[in-house]
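First the structure, in the form of structure tokens, and then the observations on it.
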Amino acid sequence: LQEDPSGPLPFHCEHEERIVANEVTAVPALNQALLPFFETADTIRRAQGEFLGLLGFGPEEADYRVVASGPFWRLRHYSGRGRGPSVLIVAAPIKQPYIWDLSPSVSSVRYCLSKGLRVHLLEWMPPSRGSEARGLAEYADDAISRAVALVSQEVRAGKPFLLGHSLGGTLAAIFAGLHPDQVSGLVLVSAPLCLHPGVSPFRDAVAAMASPWLSEADVIPGSLLTQVSAAMSPATFVWSRFLDAAASAGDSGASELRARIERWALDEVPLSGKLARQVLLQLYCENRLCNGTLTIHGRIIKPSCLTIPILAVVNTADEVAPPASVSPFLEAMAGADAQLIRYPGETGIVLQHLGVLVGPTAFMELWPEITDWIKGHG
């Protein structure tokens, strides 16, 4: 795909004024023409995923009911008889949330339920063209605040623990910095918080190679994000998948797990363009959360704002959220109760970034420690 010479150039971190201007300017004709292409790609990829589902590799989620909803979110409550602490999972707004609950044997949700925890999950509804623009303030503050209040009222078990993976964990951390008095603790799973230059090849690629379409569209098709990520960091999103498949060849259990994960990866959902731009500029390019310069609804958030207990789990083989993207944040929390667990990753999980949520070793060794930590702080 070649850019129209008369259209906008790809933006870089230092061009904040250009990005702000793009918030209020019309989408160029080339971009308008390309978006339907990627929307069609979304449809095709979802159809491929549904075919894998017909072969028996679709999600087998635990029973839940939707107890509340907003204009761009829904709150799930999972069936269980636990009387332990309440956990609110903040799903990442990229892909579908059932990566937390792929099957009865590969399910962080079911594991938490089995340990007596009360489990809710905040999922994000896909935006559509022309819908209201929503960014970090709406996702990390408004929606999570409403969900936390509802969970506290419904289960009457005190303030919930927030549990988030990847960007979901980053959003949960921002909320915890804004409202530490509303939650009992925070569990971060492969969630990047400090995105300074050199933290990983993936971060540097994201900061140096932003797509011009990402800077303009009000809704970003999921397949566009998939293709841009693969182009920016092929070692992370392309070659690692082949290496993982080769390393787990001959293992029938790993083959089934890989098929279920691939089915999830094909289930594309669009992302708010405003949220994508703010994450790219404010978090990846300028590292505002870790630097203490991120502002949400007029309030500045910095590591010292998080005065609640925090448990962070990092995969040392993960380039998206390596240990160096988490440990400086914990060190800057001004003596708060913060613990870091390192996990070396494993094979048969497609992408190391997903390992803590789907890896057999993770369920045997990490999740007992995670749930014990939650109950110990509840």
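Identifiers in this document derive from the order of the structure tokens: chains are assigned A, B, ..., residues are numbered from 1 separately in each chain, and ligands are numbered from 1 in order of occurrence.
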Determine, for each residue of range 52-155 of chain A having at least one atom at most 6 Å from an atom of range 159-168 of chain A, the closest pair of atoms and their separation in Å to one decimal, counting only C-alpha atoms; order by chain and ascending number, as a tab-separated table.
residue	atom	partner	partner_atom	distance
A:Ser86	CA	A:Pro160	CA	4.8
A:Val87	CA	A:Phe161	CA	4.8
A:Leu88	CA	A:Leu162	CA	5.0
A:Ile89	CA	A:Leu163	CA	4.6
A:Val90	CA	A:Gly164	CA	4.9
A:Ala91	CA	A:Gly168	CA	4.9
A:Ala92	CA	A:Gly168	CA	3.8
A:Ser152	CA	A:Lys159	CA	5.6
Resulting file, chosen residues, C-alpha atoms, as an mmCIF file, in the first residue's frame:
data_model
loop_
_atom_site.group_PDB
_atom_site.id
_atom_site.type_symbol
_atom_site.label_atom_id
_atom_site.label_comp_id
_atom_site.auth_asym_id
_atom_site.auth_seq_id
_atom_site.Cartn_x
_atom_site.Cartn_y
_atom_site.Cartn_z
ATOM 1 C CA SER A 86 -14.120 -10.142 44.638
ATOM 2 C CA VAL A 87 -12.087 -9.832 41.451
ATOM 3 C CA LEU A 88 -12.895 -7.532 38.540
ATOM 4 C CA ILE A 89 -11.066 -8.547 35.363
ATOM 5 C CA VAL A 90 -10.430 -5.602 33.035
ATOM 6 C CA ALA A 91 -10.213 -7.091 29.566
ATOM 7 C CA ALA A 92 -7.968 -5.556 26.943
ATOM 8 C CA SER A 152 -18.949 -3.450 45.243
#
List as a tab-separated table every residue of range 247-350 of chain A that is in contact with range 173-184 of chain A, defined as an atom at most 10 Å from one of its atoms (using only C-alpha atoms), together with the nearest atom pair and the distance in Å rounded to one decimal, sorted by chain and then rising number.
residue	atom	partner	partner_atom	distance
A:Leu289	CA	A:Ile174	CA	7.7
A:Leu294	CA	A:Ile174	CA	9.0
A:Thr295	CA	A:Leu178	CA	9.8
A:Ile296	CA	A:Leu178	CA	8.3
A:His297	CA	A:Leu178	CA	9.7
A:Arg299	CA	A:Leu178	CA	7.6
A:Ile300	CA	A:Leu178	CA	8.3
A:Ile301	CA	A:Gly177	CA	5.9
A:Lys302	CA	A:Gly177	CA	7.0
A:Pro303	CA	A:Gly177	CA	7.3
A:Ser304	CA	A:Gly177	CA	8.1
A:Cys305	CA	A:Gly177	CA	4.9
A:Leu306	CA	A:Gly177	CA	4.7
A:Thr307	CA	A:Pro180	CA	6.3
A:Ile308	CA	A:Pro180	CA	6.1
A:Pro309	CA	A:Ser184	CA	7.4
A:Ile310	CA	A:Ala173	CA	9.4
Please dump the current selection as a compact mmCIF listing (two decimals), in the first residue's frame; keep all heavy atoms.
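Full text of selection-v3.txt as output:
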# COMPACT_ATOMS: atom_id res chain seq x y z
N LEU A 289 2.75 7.68 31.74
CA LEU A 289 2.32 7.00 32.96
C LEU A 289 3.49 6.79 33.91
O LEU A 289 3.39 7.09 35.11
CB LEU A 289 1.66 5.66 32.62
CG LEU A 289 1.18 4.82 33.81
CD1 LEU A 289 0.18 5.59 34.66
CD2 LEU A 289 0.56 3.50 33.32
N LEU A 294 0.98 11.81 32.99
CA LEU A 294 -0.29 11.46 32.36
C LEU A 294 -1.42 12.19 33.08
O LEU A 294 -1.52 12.15 34.30
CB LEU A 294 -0.51 9.95 32.42
CG LEU A 294 -1.81 9.44 31.79
CD1 LEU A 294 -1.82 9.69 30.28
CD2 LEU A 294 -2.01 7.96 32.09
N THR A 295 -2.28 12.84 32.31
CA THR A 295 -3.40 13.58 32.88
C THR A 295 -4.71 13.00 32.39
O THR A 295 -4.93 12.86 31.19
CB THR A 295 -3.32 15.08 32.49
OG1 THR A 295 -2.08 15.62 32.94
CG2 THR A 295 -4.46 15.85 33.12
N ILE A 296 -5.57 12.65 33.32
CA ILE A 296 -6.91 12.12 33.02
C ILE A 296 -7.93 12.98 33.76
O ILE A 296 -7.87 13.11 34.99
CB ILE A 296 -7.05 10.65 33.47
CG1 ILE A 296 -6.01 9.77 32.78
CG2 ILE A 296 -8.47 10.14 33.19
CD1 ILE A 296 -6.19 9.59 31.29
N HIS A 297 -8.85 13.55 33.03
CA HIS A 297 -9.87 14.42 33.63
C HIS A 297 -9.23 15.49 34.54
O HIS A 297 -9.72 15.78 35.64
CB HIS A 297 -10.88 13.60 34.43
CG HIS A 297 -11.83 12.82 33.58
ND1 HIS A 297 -12.37 13.30 32.41
CD2 HIS A 297 -12.34 11.56 33.75
CE1 HIS A 297 -13.19 12.39 31.88
NE2 HIS A 297 -13.18 11.32 32.67
N ARG A 299 -6.49 15.38 36.22
CA ARG A 299 -5.70 14.87 37.34
C ARG A 299 -4.44 14.19 36.82
O ARG A 299 -4.50 13.41 35.85
CB ARG A 299 -6.51 13.88 38.18
CG ARG A 299 -7.71 14.49 38.85
CD ARG A 299 -8.45 13.45 39.67
NE ARG A 299 -7.59 12.85 40.68
CZ ARG A 299 -7.96 11.82 41.43
NH1 ARG A 299 -9.15 11.28 41.27
NH2 ARG A 299 -7.13 11.33 42.34
N ILE A 300 -3.31 14.45 37.44
CA ILE A 300 -2.04 13.84 37.04
C ILE A 300 -1.86 12.52 37.76
O ILE A 300 -2.08 12.42 38.97
CB ILE A 300 -0.87 14.79 37.36
CG1 ILE A 300 -0.98 16.07 36.52
CG2 ILE A 300 0.47 14.10 37.08
CD1 ILE A 300 0.10 17.09 36.81
N ILE A 301 -1.46 11.49 37.02
CA ILE A 301 -1.23 10.17 37.59
C ILE A 301 0.24 9.85 37.50
O ILE A 301 0.86 10.00 36.44
CB ILE A 301 -2.04 9.10 36.83
CG1 ILE A 301 -3.52 9.46 36.83
CG2 ILE A 301 -1.85 7.73 37.45
CD1 ILE A 301 -4.19 9.13 35.55
N LYS A 302 0.80 9.39 38.60
CA LYS A 302 2.19 8.97 38.64
C LYS A 302 2.30 7.74 39.53
O LYS A 302 1.37 7.42 40.27
CB LYS A 302 3.08 10.10 39.14
CG LYS A 302 2.61 10.77 40.41
CD LYS A 302 3.44 12.01 40.68
CE LYS A 302 2.90 12.79 41.88
NZ LYS A 302 3.68 14.03 42.12
N PRO A 303 3.42 7.03 39.48
CA PRO A 303 3.53 5.78 40.25
C PRO A 303 3.22 5.95 41.73
O PRO A 303 2.59 5.07 42.34
CB PRO A 303 4.98 5.37 40.03
CG PRO A 303 5.32 5.92 38.67
CD PRO A 303 4.59 7.22 38.59
N SER A 304 3.62 7.06 42.33
CA SER A 304 3.38 7.25 43.76
C SER A 304 1.91 7.39 44.11
O SER A 304 1.54 7.31 45.28
CB SER A 304 4.15 8.47 44.26
OG SER A 304 3.73 9.64 43.60
N CYS A 305 1.04 7.60 43.10
CA CYS A 305 -0.40 7.67 43.36
C CYS A 305 -0.98 6.31 43.71
O CYS A 305 -2.05 6.22 44.32
CB CYS A 305 -1.12 8.22 42.13
SG CYS A 305 -0.77 9.94 41.73
N LEU A 306 -0.30 5.25 43.30
CA LEU A 306 -0.80 3.89 43.56
C LEU A 306 -0.33 3.46 44.95
O LEU A 306 0.81 3.02 45.13
CB LEU A 306 -0.32 2.91 42.49
CG LEU A 306 -1.14 2.93 41.20
CD1 LEU A 306 -0.67 4.07 40.31
CD2 LEU A 306 -1.06 1.62 40.47
N THR A 307 -1.20 3.60 45.92
CA THR A 307 -0.87 3.28 47.30
C THR A 307 -1.48 1.96 47.75
O THR A 307 -1.46 1.64 48.93
CB THR A 307 -1.38 4.41 48.21
OG1 THR A 307 -2.78 4.60 48.00
CG2 THR A 307 -0.64 5.71 47.91
N ILE A 308 -2.00 1.19 46.82
CA ILE A 308 -2.62 -0.10 47.12
C ILE A 308 -1.63 -1.22 46.87
O ILE A 308 -0.63 -1.03 46.17
CB ILE A 308 -3.88 -0.32 46.25
CG1 ILE A 308 -3.49 -0.25 44.75
CG2 ILE A 308 -4.95 0.72 46.55
CD1 ILE A 308 -4.61 -0.61 43.82
N PRO A 309 -1.86 -2.42 47.41
CA PRO A 309 -0.99 -3.56 47.11
C PRO A 309 -1.05 -3.90 45.62
O PRO A 309 -2.12 -3.89 45.00
CB PRO A 309 -1.58 -4.69 47.96
CG PRO A 309 -2.33 -4.00 49.05
CD PRO A 309 -2.88 -2.75 48.44
N ILE A 310 0.11 -4.22 45.04
CA ILE A 310 0.20 -4.56 43.63
C ILE A 310 1.02 -5.83 43.46
O ILE A 310 2.11 -5.97 44.03
CB ILE A 310 0.83 -3.43 42.80
CG1 ILE A 310 -0.09 -2.21 42.76
CG2 ILE A 310 1.13 -3.90 41.37
CD1 ILE A 310 0.42 -1.10 41.88
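Residues lying within 8 Å of Ile220 in chain A, counting only C-alpha atoms and ignoring same-chain neighbours fewer than 2 positions away, are A:Leu35, A:Leu214, A:Ala217, A:Asp218, A:Gly222, A:Leu224, A:Leu225, A:Pro270, A:Leu271, A:Ser272, A:Gly273, A:Ala276.
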